[in-house]
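Trainee: First, the structure itself, so that you have it in front of you.
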Amino acid sequence: MSWEQLLAFIDMGGHAAYVWGAYAIAAMGLVWEGVVLWMRRRQAVDEQPMSDDDASAPSCTARR
Amino acid sequence: MSRVPVALSTLGPWARYAAPEACFDLAGRLQPHFWWGAALLALTGAALGLVTAPDQFAQGDAYRIVFLHVPAAWMSLVIYLSMGLWAAVGLALSTRVSFMMARALAPTGAMMTVIALWSGALWGKPTSGEWWVWDAQLSAELLLLFLYLGFILLQATIDDPVRSDRAGALLAVVGSVQVPVVWFALQWWGTRQRGIAAAVGSLPPMAAWTVAGLAAMVGAFWAWSIAASLHRMRSIILERGLDVRLARTHPEGA
């Protein structure tokens with residue numbers, strides 16, 4: 001791919017702001033969701049009371 | 001014996017996954033495959049959609065937003081329908097896992113709706129000249145976002161998990177009516193997208209690479225949604241187990 005072809009690709013036919021903007025928003029949203037998921041899991045595991053069982057396994061005592 | 005085990009017995013071998021511990025294990029086994037599938041399909045779809053697929057006659061390169069917009073819009077509908085289904089199963093069979101699954105799907109569905117709305121605005125501006133128009137389909141999609149947010153807020157504001165689950169489930173089931181409204185708005189009322197669809201429809205069939213890229217991105221969004229929901233459901237199961245232990249240790253709920 002030549003330099004001109006790369007510039008043309010980035011320019012997206014004059015619609016770069018729209019095309020890359022859409023992909024950037026989607027990427028940010030998905031990364032944000034991934035981080036929130038990871039933090040929630042980490043907090044849930046950290047707050048599990050220690051027992052003889054695997055700390056990451058559910059307590060199986062919930063009845064709701 | 002209560003009616004619940006009898007009702008669950010109709011599910012056959014699947015009934016064992018109505019138990020949170022079995023579901024927790026199954027979700028843990030499935031989850032990595034969907035994460036990897038989402039990553040690989042997204043890379044493939046982005047490469048095909050942004051690089052390989054030819055530009056489009058009527059819209060130039062702006063149409064490449066379709067590889068993002070269509071999968072996100074489809075998933076926003078599919079996820080709400082799934083929520084409604086899980087909620088209905090939960091209400092009918094009183095299975096906790098069904099309520100948890102409906103709860104786990106909502107944030108991902110809301111995210112998909114936001115992506116669909118934003119990418120739609122960014123696609124609409126260069127193709128129709130407007131960021132937003134209050135037509136039937138866009139308004140219905142915005143209402144779908146409010147339904148997702150309403151579901152999440154409703155469940156967050158009710159402390160009792162049983163009441164929270166059932167209230168949210170009712171909203172999910174009733175709100176499912178909105179899904180066909182969004183889907184058929186194009187045919188029923190005509191929308192800004194009618195012009196886009198007509199322009200696309202008047203052209204020769206989509207290039208094979210375009211179809212392949214779209215299919216890969218749809219697969220990626222499906223895989224992401226399943227993986228994220230399974231991941232969130234495992235966290236919900238952990239949180240509820242924790243709540244019960246705390247409640248037993250600290251009756252005041254401190």
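FYI, nothing fancy with the structure tokens labels: chains A, B, ... in order, residues from 1 per chain, ligands from 1 as they appear.
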What's around Ala22 of chain A at 8 Å? Count only C-alpha atoms, leave out sequence neighbours fewer than 4 positions away in its own chain, and write the answer as an mmCIF file with N, CA and C atoms, in the first residue's frame.
Mentor:
```cif
data_model
loop_
_atom_site.group_PDB
_atom_site.id
_atom_site.type_symbol
_atom_site.label_atom_id
_atom_site.label_comp_id
_atom_site.auth_asym_id
_atom_site.auth_seq_id
_atom_site.Cartn_x
_atom_site.Cartn_y
_atom_site.Cartn_z
ATOM 1 N N TYR A 18 -16.983 11.052 9.926
ATOM 2 C CA TYR A 18 -18.196 10.264 10.189
ATOM 3 C C TYR A 18 -17.865 8.786 10.381
ATOM 4 N N ALA A 26 -18.066 3.337 18.922
ATOM 5 C CA ALA A 26 -18.380 1.931 19.198
ATOM 6 C C ALA A 26 -17.248 1.275 19.992
ATOM 7 N N ILE B 65 -20.190 2.687 7.450
ATOM 8 C CA ILE B 65 -20.769 2.693 8.802
ATOM 9 C C ILE B 65 -21.803 1.577 8.936
ATOM 10 N N LEU B 68 -21.195 -1.366 11.155
ATOM 11 C CA LEU B 68 -21.317 -1.134 12.593
ATOM 12 C C LEU B 68 -22.773 -0.923 12.972
ATOM 13 N N TRP B 118 -25.926 6.420 17.708
ATOM 14 C CA TRP B 118 -24.793 7.294 17.357
ATOM 15 C C TRP B 118 -24.311 7.028 15.933
ATOM 16 N N SER B 119 -24.154 5.746 15.602
ATOM 17 C CA SER B 119 -23.667 5.438 14.249
ATOM 18 C C SER B 119 -24.715 5.832 13.210
ATOM 19 N N LEU B 122 -24.270 9.501 12.676
ATOM 20 C CA LEU B 122 -23.056 9.761 11.894
ATOM 21 C C LEU B 122 -23.183 9.270 10.455
#
```
Trainee: For Gly29 of chain A, please output as a short mmCIF file (atom, residue, chain, number, x, y, z; two decimals) with N, CA and C atoms, in the first residue's frame all residues within 12 Å (counting only C-alpha atoms; exclusion window: fewer than 6 positions along the same chain).
Mentor:
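For reference, selection02.cif as written:
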```
data_model
loop_
_atom_site.label_atom_id
_atom_site.label_comp_id
_atom_site.auth_asym_id
_atom_site.auth_seq_id
_atom_site.Cartn_x
_atom_site.Cartn_y
_atom_site.Cartn_z
N ALA A 22 -17.76 7.03 14.03
CA ALA A 22 -18.69 5.95 14.38
C ALA A 22 -17.92 4.77 14.98
N TYR A 23 -16.81 4.39 14.33
CA TYR A 23 -16.05 3.25 14.84
C TYR A 23 -15.39 3.57 16.18
N VAL A 35 -14.46 -2.94 30.68
CA VAL A 35 -13.83 -2.50 31.95
C VAL A 35 -14.83 -2.60 33.10
N VAL A 36 -16.06 -2.15 32.86
CA VAL A 36 -17.09 -2.21 33.90
C VAL A 36 -17.36 -3.67 34.30
N ALA B 72 -25.33 -3.46 15.34
CA ALA B 72 -25.72 -2.88 16.63
C ALA B 72 -27.23 -2.71 16.73
N PRO B 107 -27.72 -4.11 30.27
CA PRO B 107 -26.68 -3.11 29.98
C PRO B 107 -26.07 -3.27 28.59
N THR B 108 -25.89 -4.53 28.17
CA THR B 108 -25.34 -4.74 26.82
C THR B 108 -26.33 -4.28 25.75
N GLY B 109 -27.61 -4.54 25.99
CA GLY B 109 -28.62 -4.07 25.05
C GLY B 109 -28.65 -2.55 24.97
N ALA B 110 -28.53 -1.91 26.13
CA ALA B 110 -28.51 -0.44 26.13
C ALA B 110 -27.30 0.08 25.37
N MET B 111 -26.16 -0.59 25.56
CA MET B 111 -24.94 -0.19 24.86
C MET B 111 -25.11 -0.34 23.34
N MET B 112 -25.71 -1.44 22.93
CA MET B 112 -25.94 -1.66 21.49
C MET B 112 -26.87 -0.58 20.92
N THR B 113 -27.87 -0.20 21.71
CA THR B 113 -28.80 0.83 21.24
C THR B 113 -28.09 2.18 21.10
N VAL B 114 -27.24 2.50 22.05
CA VAL B 114 -26.48 3.75 21.98
C VAL B 114 -25.58 3.75 20.74
N ILE B 115 -24.91 2.62 20.50
CA ILE B 115 -24.04 2.53 19.32
C ILE B 115 -24.87 2.68 18.04
N ALA B 116 -26.04 2.04 18.02
CA ALA B 116 -26.90 2.12 16.83
C ALA B 116 -27.36 3.56 16.59
N TRP B 118 -25.93 6.42 17.71
CA TRP B 118 -24.79 7.29 17.36
C TRP B 118 -24.31 7.03 15.93
N SER B 119 -24.15 5.75 15.60
CA SER B 119 -23.67 5.44 14.25
C SER B 119 -24.71 5.83 13.21
#
```
Trainee: Can you tell me how far atom CA of Gly175 of chain B sits from atom CA of Met75 of chain B, in Å to one decimal?
Mentor: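 Here the two named atoms are 15.7 Å from each other.
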Trainee: What is the atom CA of Leu142 of chain B to atom CA of Gly124 of chain B distance in Å?
Mentor: 15.2 Å
Trainee: For the contact check between chain B and chain A, emit one row per residue of chain B within 9 Å, containing the shortest atom pair and the distance in Å rounded to one decimal, counting only C-alpha atoms, chain then rising number order, as a tab-separated table.
Mentor:
```
residue	atom	partner	partner_atom	distance
B:Ala19	CA	A:Cys60	CA	8.6
B:Pro20	CA	A:Cys60	CA	7.1
B:Glu21	CA	A:Cys60	CA	6.1
B:Phe24	CA	A:Pro58	CA	7.4
B:Asp25	CA	A:Ala57	CA	8.3
B:Leu50	CA	A:Phe9	CA	8.4
B:Val51	CA	A:Phe9	CA	7.8
B:Gly60	CA	A:Gly13	CA	6.6
B:Asp61	CA	A:Met12	CA	5.4
B:Ala62	CA	A:His15	CA	5.8
B:Tyr63	CA	A:Val19	CA	8.3
B:Arg64	CA	A:Val19	CA	6.8
B:Ile65	CA	A:Val19	CA	5.8
B:Leu68	CA	A:Tyr23	CA	7.2
B:His69	CA	A:Ala22	CA	8.5
B:Arg96	CA	A:Arg64	CA	6.6
B:Pro107	CA	A:Glu33	CA	8.4
B:Thr108	CA	A:Glu33	CA	7.7
B:Met111	CA	A:Gly29	CA	6.9
B:Met112	CA	A:Ala26	CA	8.7
B:Val114	CA	A:Gly29	CA	8.6
B:Ile115	CA	A:Ala26	CA	5.7
B:Ala116	CA	A:Ala26	CA	8.8
B:Trp118	CA	A:Ala22	CA	6.9
B:Ser119	CA	A:Ala22	CA	5.0
B:Gly120	CA	A:Ala22	CA	8.5
B:Ala121	CA	A:Ala22	CA	8.9
B:Leu122	CA	A:Tyr18	CA	5.2
B:Trp123	CA	A:Tyr18	CA	6.7
B:Lys125	CA	A:Tyr18	CA	8.2
B:Pro126	CA	A:His15	CA	7.4
B:Pro161	CA	A:Arg64	CA	6.8
B:Val162	CA	A:Arg64	CA	6.0
B:Trp224	CA	A:Leu30	CA	8.9
B:Ala228	CA	A:Leu37	CA	7.5
B:His231	CA	A:Leu37	CA	7.2
B:Arg232	CA	A:Leu37	CA	6.4
B:Arg234	CA	A:Arg41	CA	7.9
B:Ser235	CA	A:Arg41	CA	5.2
B:Ile236	CA	A:Ala44	CA	8.2
B:Ile237	CA	A:Pro58	CA	6.4
B:Leu238	CA	A:Pro58	CA	5.2
B:Glu239	CA	A:Ala44	CA	5.6
B:Arg240	CA	A:Ala62	CA	6.3
B:Gly241	CA	A:Ser59	CA	5.1
B:Leu242	CA	A:Gln48	CA	5.8
B:Asp243	CA	A:Ala62	CA	8.0
B:Val244	CA	A:Ala62	CA	5.7
B:Arg245	CA	A:Thr61	CA	7.7
B:Leu246	CA	A:Pro49	CA	8.7
```
Trainee: Take the residues that were just selected and, keeping C-alpha atoms, output them as a compact mmCIF listing (two decimals), in the first residue's frame.
Mentor:
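What follows is the written file selection_13.txt:
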```txt
# COMPACT_ATOMS: atom_id res chain seq x y z
CA ALA B 19 -29.78 -23.94 39.29
CA PRO B 20 -27.44 -20.92 39.63
CA GLU B 21 -24.42 -23.08 40.43
CA PHE B 24 -22.40 -20.41 36.75
CA ASP B 25 -20.20 -23.29 35.66
CA LEU B 50 -13.13 -0.99 5.84
CA VAL B 51 -10.49 -2.27 3.42
CA GLY B 60 -19.21 6.49 -1.31
CA ASP B 61 -17.26 5.42 1.74
CA ALA B 62 -19.86 6.76 4.20
CA TYR B 63 -21.79 3.51 3.75
CA ARG B 64 -19.00 1.68 5.61
CA ILE B 65 -20.77 2.69 8.80
CA LEU B 68 -21.32 -1.13 12.59
CA HIS B 69 -24.78 0.31 12.50
CA ARG B 96 -33.99 -17.26 39.45
CA PRO B 107 -26.68 -3.11 29.98
CA THR B 108 -25.34 -4.74 26.82
CA MET B 111 -24.94 -0.19 24.86
CA MET B 112 -25.94 -1.66 21.49
CA VAL B 114 -26.48 3.75 21.98
CA ILE B 115 -24.04 2.53 19.32
CA ALA B 116 -26.90 2.12 16.83
CA TRP B 118 -24.79 7.29 17.36
CA SER B 119 -23.67 5.44 14.25
CA GLY B 120 -27.04 6.17 12.67
CA ALA B 121 -26.57 9.87 13.30
CA LEU B 122 -23.06 9.76 11.89
CA TRP B 123 -24.34 7.88 8.86
CA LYS B 125 -25.52 13.39 8.30
CA PRO B 126 -23.45 12.78 5.14
CA PRO B 161 -34.21 -8.79 44.76
CA VAL B 162 -37.42 -10.79 44.30
CA TRP B 224 -19.78 -10.04 22.27
CA ALA B 228 -20.75 -9.98 28.13
CA HIS B 231 -19.88 -12.65 32.32
CA ARG B 232 -22.34 -10.27 33.98
CA ARG B 234 -21.76 -14.82 36.83
CA SER B 235 -21.12 -11.57 38.71
CA ILE B 236 -24.80 -11.34 39.64
CA ILE B 237 -24.76 -14.90 40.97
CA LEU B 238 -21.68 -14.10 43.05
CA GLU B 239 -23.24 -10.88 44.36
CA ARG B 240 -26.42 -12.64 45.42
CA GLY B 241 -24.56 -15.38 47.18
CA LEU B 242 -22.60 -12.70 49.00
CA ASP B 243 -25.79 -10.89 50.02
CA VAL B 244 -27.26 -13.98 51.58
CA ARG B 245 -24.13 -14.76 53.55
CA LEU B 246 -23.96 -11.19 54.81
```
